[in-house]
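**Q** The structure is given below, and queries will be raised subsequently.
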Amino acid sequence: MQMNEERLKKAMEHKELLLDRKPSLESVMKKPGLFDSAVLGNTAVSQKCQSDFQLMLLAAQSIITKKPIAGWDTSFIISQLDACGKPGPGILQGNFQWMGAYQECININAPPPPSNTRNYPYQGGYCRAAFAINPSIMGRKKRSTPHTEAACTSALKGGAGVTLSEDICLPKGCANDQDATVILRYVTGGDNSSVCHVACIDPEANKLSWRGFVVAVVMCITLAVVLIGTVIDYCWYQNNKDHHLAKAVPIRMLLAFSFYTNTVEIMAAKNRPGAIGAIHCIRVFSMVWVIAGHVFMVALEVSNNPFDAVPIIKDLMTQVIVNAFFSVDSFFFLSGLLLSFMWFKELKKNRKAVMSPSAWVMFYVHRIIRLSPPYYMIIAFYTWVFPYFLKQSPLFVGASDLLIGSCPDNWWINFLYLLNIIDYKNQCYPIAWYLATDMQIHIFAPIVLIPLAISPLIGFAVSALLMVLSAAASMFTIYYFHMPPSAFLSPYGAKDLEYTVDPSYYTFYVYDAPWIRFPVYLMGILLGYYLQNNKRKVTIPKVVNIVGWALSLAMMLLVVFGLHDYMGGTDIDIFWRAMYTAFSRTVWGLCLAWIVYSCYYGYGGPFNRFLSWNIWIPLGRLTYCAYLLHMTVALYIMSTQKQAVHWSGVIDLIIHQLIPTIVFSYIGAIIWSSAYEISTSKIEMIFLGDLRKRPHREVQETNAPKKDDNFNGTYVIESDKNGTKF
C-alpha cells in the first residue's frame with residue numbers, strides 16, 4: 001500500500017491525457033473508416049480474430065453512418081461498448097481497475113450478416129488491459145506512454161510508473177492473450193502504445209495441465225473409496241462387527257475412509273474426564289481470528305478503493321485485525337502443550353519403551369504421516385487445479401498466475417516443510433509457513449523433553465537458556481536491521497530510515513523463524529509437563545486466582561492493542577520495538593498458560609464453563625483442515641464477484657466475506673479431514689500400530705490415551721482420576 005499520492009495527483013492534473021492513453025475500443029468504433037477490412041492483415045493475429053474484427057468494424061460503421069445492413073441487427077455493438085470498463089471515481093483512492101460488465105459481454109451472440117459466408121455467430125469475449133501512466137513524463141504532453149518495463153511497473157510494487165487496468169469486451173475470436181495484446185497495441189499507437197499486457201477469459205484455452213489432471217483423478221479415486229467405505233460401513237459393518245471379514249486388512253482400510261464413522265467421530269461433542277477442556281475453544285477462536293486477518297488482507301488487495309479502508313487501521317478496535325498474528329502463537333502453544341502432555345503420560349507408563357530408538361523414530365514418522373496427506377493434497381489442488389477456477393473469474397482476470405505464485409516451481413519445498421528457509425522470498429501458499437515452522441520446532445522438541453525426563457531442574461534450566469537465546473536473537477535482529485515491531489506495515493506507521501533491507505528479511509529472520517517462535521511452544525511443553533506430573537488437587541487461593549485472570553486478560557489486551565499509536569503514525573524507539581518483538585509472544589504464551597492451568601484444576605469459573613463447552617469440540621477437531629482450506633475458500637468466494645469489489649466497512653466485510661469463508665472452510669474441513677486426515681491416521685494404525693502400542697496393556701481403559709483428531713496430530717489424554725473438579 002506504499003503509494004506516492006503526489007505522483008498520482010500530478011497525473012490527475014493531466015486527466016485528459018490520461019484518458020486519451022487508455023486502450024479505448026470506443027475510439028476505434030468512432031472512426032471505423034480508419035480501419036479497413038485489411039487493418040490487421042500485417043499483424044500476427046489468428047484468422048478467426050481478423051474475421052471477428054472485420055464484422056465489429058462493419059457493424060460500428062453501420063450504426064455511425066446510420067446505414068443499416070439489410071437482415072442484420074447490429075445493436076450488439078452498443079452492448080459491446082456498454083460492457084467495457086470506464087474510468088470511475090476515486091482514482092486517488094486506489095481505483096486503478098476499471099471493471100466492465102462481464103455477463104453483458106459474454107451474452108453477446110449475434111448471427112453474421114446474410115452476405116457473410118461464416119457459419120458461426122459473433123460473440124463477445126472479456127479481457128483486461130493494463131496500461132502505463134508514467135507521471136514522470138506527464139509534463140511532455142505526449143500522446144502515449146510507451147510500454148517500457150519501468151512504465152509498466154505499478155507504483156504499488158515499487159516501480160516508477162502507475163499501472164491502471166480497463167476491462168474491454170472484444171470479439172470472442174480476439175479474446176485470447178496474444179491476439180488481444182496485438183490488437184490493442186496496434187489501435188493505440190503501435191510501438192508507442194501505453195498497453196503493457198492484456199489477459200482474457202478464454203474458456204477454450206483454460207484446461208487442466210497433466211499435473212492438474214492427475215490431482216483431479218486422485219481426488220476422484222479418493223471420493224470413490226470414501227463412497228465404497230461408507231456403504232460397507234453403514235450397510236454391513238455396523239451390524240457385523242464380529243464377523244471374521246471385518247478384521248481383514250482390505251476391509252479395515254476401506255472402513256478407514258467411511259464418511260459416516262469419521263463424521264460421527266468428529267461430531268462426538270463430549271469432554272472426557274481429565275481432558276484439557278479449554279483447548280478446543282482456544283483453537284476455534286484462534287482459527288476465526290486467523291481467517292479474519294486473511295480476509296481483511298484479501299479485501300484490501302482486490303477492492304477498488306483501498307485507500308478508503310486504510311484509515312480504519314488507526315482505529316483502536318481494528319488492532320484486533322492487524323494484530324491477528326498472535327492467533328498463530330496460540331497454535332504453537334497448544335501444539336507444545338498437547339505434545340508434552342501425551343509424551344509424559346506415556347513416559348510414566350513405560351520409560352524404557354518411550355526412550356527407545358524405535359519410539360523416537362515413530363515420534364517423527366507419526367507426525368509426518370499425521371499432517372502430510374491433507375496438507376499435500378491442498379498444495380496439489382491449489383497449484384494445479386484451483387487456477388482453472390480462478391481463470392474463469394472476471395475479478396481475477398490475468399491475476400491467477402500472481403495468486404498461485406511460485407507453487408508450480410516450489411511445491412516440493414512445501415512437501416519438505418522448508419518453505420520458510422528455501423527460497424523464502426517466493427513461498428508457495430504462504431499460510432503454509434506455519435506448518436513448516438511447527439514441524440521444525442517439533443523436530444527439536446526432544447532438546448527440552450529429554451532433559452525434563454531426566455530431571456526437572458535440568459529441564460527447566462535448558463528451557464530458560466533457550467528462552468534467553470531466543471529473546472537475544474530477536475532483539476539483535478531488530479537492532480541490526482532496524483526492523484518494525486510488527487509484520488503489518490501500516491501506511492501511517494513511522495518509518496525507520498535505516499530500515500533499508502528487503503521486507504522479506506523480516507519474514508525470514510523474525511516472523512517465520514523457528515528460533516523466534518519457539519518460546520511460546522516451549523511454554524506449552526512446560527505446562528504439559530506440569531499438568532501431567534501434578535495429578536493431585538491443586539489449591540489456588542481466591543485472590544491469587546482473581547489476580548491471575550485479571551493480569552492475564554490485561555496483558556493479552558496490552559500486546560494486541562499496544563501498537564495502536566504506532567499504527568497511527570507515532571514513532572517507536574528501536575529499544576521498545578526490540579522489546580515488543582522479543583517478549584510480546586512470551587507474554588501471550590504466559591497468559592494462555594494461566595488460562596489453561598486455572599481451568600484444568602477447576603478454578604476457571606464461568607470462563608471454564610464457556611471454554612469447555614462441548615460445542616467447541618467438533619469445531620476444534622476440524623481446525624487443522626480448516627486452516628489448510630481457508631485461504632483457498634476466501635479466494636474462491638472473492639472470485640465469484642462479477643463486479644468490482646468496493647470497500648464499504650468492516651460490517652459489510654464480516655457479512656459478505658468473513659462469515660461465508662468461516663462457514664465453508666469448516667464444511668470443507670469435514671470432508672477434507674474425513675478423506676485425508678482421519679482415514680490416513682487409521683491406516684497408519686493398521687500397518688504401524690504394533691510400533692505404537694501402549695506400553696502397559698494392564699492399565700485400565702478409563703486411564704488410557706483416547707485418540708482425538710486435533711490440530712497438531714497428537715492426542716488428548718485422559719488424566720488419572722484424582723477428584724479434580726471441572
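Identifiers in this document derive from the order of the C-alpha cells: chains are assigned A, B, ..., residues are numbered from 1 separately in each chain, and ligands are numbered from 1 in order of occurrence.
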With a distance cut-off of 12 Å and only C-alpha atoms, select the neighbouring residues of A:Asn119, excluding the residue or stretch itself and same-chain residues fewer than 6 positions from it, and output the selection as an MDAnalysis selection string.

**A** chainID A and resid 48 51 110:113

**Q** Find the spatial neighbours of A:Ile667, counting only C-alpha atoms, within a cut-off of 9 Å - ignore same-chain residues fewer than 5 positions away - and output them as number ranges by chain.

**A** A: 626, 662, 672

**Q** Which residues, written as a PyMOL selection string, have at least one atom at most 7 Å from stretch 81-98 of chain A, with only C-alpha atoms counted and residues fewer than 4 positions away on the same chain left out?

**A** chain A and resi 8+26+77+102+104-105+164-169+304-308

**Q** Mind checking which residues fall within 10 Å of A:Ala175, counting only C-alpha atoms, ignoring those fewer than 2 positions away in the same chain, and posting them as an MDAnalysis selection string?

**A** chainID A and resid 49 123:128 168:173 177:181 198:203

**Q** Got time to write the residues from that selection, N, CA and C atoms, as a PDB file, in the first residue's frame?

**A**
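Output file result.pdb is given in full below:
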```
ATOM      1  N   CYS A  49      -9.784 -14.145 -35.483  1.00  0.00           N
ATOM      2  CA  CYS A  49      -9.782 -12.799 -34.913  1.00  0.00           C
ATOM      3  C   CYS A  49      -9.957 -11.758 -36.017  1.00  0.00           C
ATOM      4  N   GLN A 123     -19.610 -13.355 -31.135  1.00  0.00           N
ATOM      5  CA  GLN A 123     -19.796 -13.386 -29.690  1.00  0.00           C
ATOM      6  C   GLN A 123     -18.796 -12.463 -29.005  1.00  0.00           C
ATOM      7  N   GLY A 124     -19.131 -12.109 -27.765  1.00  0.00           N
ATOM      8  CA  GLY A 124     -18.258 -11.240 -27.002  1.00  0.00           C
ATOM      9  C   GLY A 124     -17.265 -12.020 -26.164  1.00  0.00           C
ATOM     10  N   GLY A 125     -16.084 -11.460 -25.983  1.00  0.00           N
ATOM     11  CA  GLY A 125     -15.052 -12.056 -25.143  1.00  0.00           C
ATOM     12  C   GLY A 125     -14.501 -11.017 -24.179  1.00  0.00           C
ATOM     13  N   TYR A 126     -14.244 -11.419 -22.947  1.00  0.00           N
ATOM     14  CA  TYR A 126     -13.903 -10.475 -21.872  1.00  0.00           C
ATOM     15  C   TYR A 126     -12.397 -10.455 -21.638  1.00  0.00           C
ATOM     16  N   CYS A 127     -11.820  -9.258 -21.676  1.00  0.00           N
ATOM     17  CA  CYS A 127     -10.374  -9.100 -21.484  1.00  0.00           C
ATOM     18  C   CYS A 127     -10.089  -7.944 -20.531  1.00  0.00           C
ATOM     19  N   ARG A 128      -8.872  -7.939 -20.018  1.00  0.00           N
ATOM     20  CA  ARG A 128      -8.411  -6.839 -19.167  1.00  0.00           C
ATOM     21  C   ARG A 128      -7.067  -6.343 -19.683  1.00  0.00           C
ATOM     22  N   ILE A 168     -12.204  -4.773 -21.269  1.00  0.00           N
ATOM     23  CA  ILE A 168     -12.642  -4.490 -22.629  1.00  0.00           C
ATOM     24  C   ILE A 168     -13.376  -5.706 -23.175  1.00  0.00           C
ATOM     25  N   CYS A 169     -14.515  -5.442 -23.788  1.00  0.00           N
ATOM     26  CA  CYS A 169     -15.281  -6.512 -24.425  1.00  0.00           C
ATOM     27  C   CYS A 169     -14.890  -6.571 -25.898  1.00  0.00           C
ATOM     28  N   LEU A 170     -14.069  -7.539 -26.232  1.00  0.00           N
ATOM     29  CA  LEU A 170     -13.588  -7.724 -27.597  1.00  0.00           C
ATOM     30  C   LEU A 170     -14.403  -8.809 -28.298  1.00  0.00           C
ATOM     31  N   PRO A 171     -14.272  -8.907 -29.602  1.00  0.00           N
ATOM     32  CA  PRO A 171     -14.858 -10.067 -30.281  1.00  0.00           C
ATOM     33  C   PRO A 171     -14.250 -11.355 -29.713  1.00  0.00           C
ATOM     34  N   LYS A 172     -15.037 -12.382 -29.558  1.00  0.00           N
ATOM     35  CA  LYS A 172     -14.562 -13.612 -28.937  1.00  0.00           C
ATOM     36  C   LYS A 172     -13.369 -14.200 -29.680  1.00  0.00           C
ATOM     37  N   GLY A 173     -13.345 -14.056 -30.984  1.00  0.00           N
ATOM     38  CA  GLY A 173     -12.227 -14.585 -31.756  1.00  0.00           C
ATOM     39  C   GLY A 173     -10.908 -13.925 -31.411  1.00  0.00           C
ATOM     40  N   ASP A 177      -5.019 -13.966 -25.011  1.00  0.00           N
ATOM     41  CA  ASP A 177      -3.967 -13.045 -24.584  1.00  0.00           C
ATOM     42  C   ASP A 177      -3.137 -12.505 -25.746  1.00  0.00           C
ATOM     43  N   GLN A 178      -2.776 -13.371 -26.672  1.00  0.00           N
ATOM     44  CA  GLN A 178      -1.891 -12.956 -27.758  1.00  0.00           C
ATOM     45  C   GLN A 178      -2.589 -12.004 -28.723  1.00  0.00           C
ATOM     46  N   ASP A 179      -3.745 -12.413 -29.262  1.00  0.00           N
ATOM     47  CA  ASP A 179      -4.449 -11.571 -30.230  1.00  0.00           C
ATOM     48  C   ASP A 179      -4.884 -10.252 -29.610  1.00  0.00           C
ATOM     49  N   ALA A 180      -5.379 -10.290 -28.380  1.00  0.00           N
ATOM     50  CA  ALA A 180      -5.874  -9.076 -27.728  1.00  0.00           C
ATOM     51  C   ALA A 180      -4.745  -8.081 -27.503  1.00  0.00           C
ATOM     52  N   THR A 181      -3.570  -8.565 -27.101  1.00  0.00           N
ATOM     53  CA  THR A 181      -2.432  -7.668 -26.888  1.00  0.00           C
ATOM     54  C   THR A 181      -2.005  -7.014 -28.196  1.00  0.00           C
ATOM     55  N   VAL A 198      -2.249  -7.706 -21.888  1.00  0.00           N
ATOM     56  CA  VAL A 198      -3.679  -7.976 -21.909  1.00  0.00           C
ATOM     57  C   VAL A 198      -3.899  -9.427 -21.519  1.00  0.00           C
ATOM     58  N   ALA A 199      -4.894  -9.656 -20.677  1.00  0.00           N
ATOM     59  CA  ALA A 199      -5.271 -11.017 -20.284  1.00  0.00           C
ATOM     60  C   ALA A 199      -6.761 -11.188 -20.525  1.00  0.00           C
ATOM     61  N   CYS A 200      -7.147 -12.366 -20.969  1.00  0.00           N
ATOM     62  CA  CYS A 200      -8.542 -12.619 -21.314  1.00  0.00           C
ATOM     63  C   CYS A 200      -9.056 -13.875 -20.616  1.00  0.00           C
ATOM     64  N   ILE A 201     -10.374 -13.912 -20.447  1.00  0.00           N
ATOM     65  CA  ILE A 201     -11.016 -15.149 -20.014  1.00  0.00           C
ATOM     66  C   ILE A 201     -11.264 -15.965 -21.273  1.00  0.00           C
ATOM     67  N   ASP A 202     -10.499 -17.001 -21.420  1.00  0.00           N
ATOM     68  CA  ASP A 202     -10.528 -17.803 -22.639  1.00  0.00           C
ATOM     69  C   ASP A 202     -10.854 -19.252 -22.284  1.00  0.00           C
ATOM     70  N   PRO A 203     -12.140 -19.594 -22.245  1.00  0.00           N
ATOM     71  CA  PRO A 203     -12.528 -20.953 -21.838  1.00  0.00           C
ATOM     72  C   PRO A 203     -11.879 -22.055 -22.669  1.00  0.00           C
TER      73      PRO A 203
END
```

**Q** Write out as CSV the residues of stretch 567-600 of chain A that have any atom within 8 Å of an atom of stretch 518-535 of chain A, one row each with the nearest atom pair and its distance in Å to one decimal, counting only C-alpha atoms, sorted by chain and then rising number.

**A**
```
residue,atom,partner,partner_atom,distance
A:Arg585,CA,A:Val520,CA,6.4
A:Thr586,CA,A:Val520,CA,5.7
A:Trp588,CA,A:Val520,CA,7.7
A:Gly589,CA,A:Val520,CA,5.0
A:Leu590,CA,A:Met523,CA,7.2
A:Ala593,CA,A:Leu527,CA,6.7
A:Tyr597,CA,A:Leu527,CA,7.7
```

**Q** Calculated over only C-alpha atoms, which of the candidates A:Ile572, A:Val547, A:Val187, A:Leu466 has the smallest distance to A:Pro485?

**A** A:Ile572

**Q** Using only C-alpha atoms, which of A:Ile228, A:Asn410, A:Val322, A:Trp433 sits nearest A:Val310?

**A** A:Val322

**Q** Please report the interatomic distance between atom CA of A:Phe664 and atom CA of A:Val633 in Å with one decimal.

**A**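 Straight-line distance from atom CA of A:Phe664 to atom CA of A:Val633 works out to 7.0 Å.
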
**Q** Determine the nearest neighbour of A:Val225 from the options A:Phe259, A:Met638, A:His243, A:Ile421, counting only C-alpha atoms.

**A**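 Looking at the shortest contact to A:Val225, the residue is A:Phe259.
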
**Q** Which residues come within 10 Å of stretch 498-508 of chain A, counting only C-alpha atoms, excluding same-chain residues fewer than 3 positions away, as a PyMOL selection string?

**A** chain A and resi 420-426+433+477-487+489+495+511-514
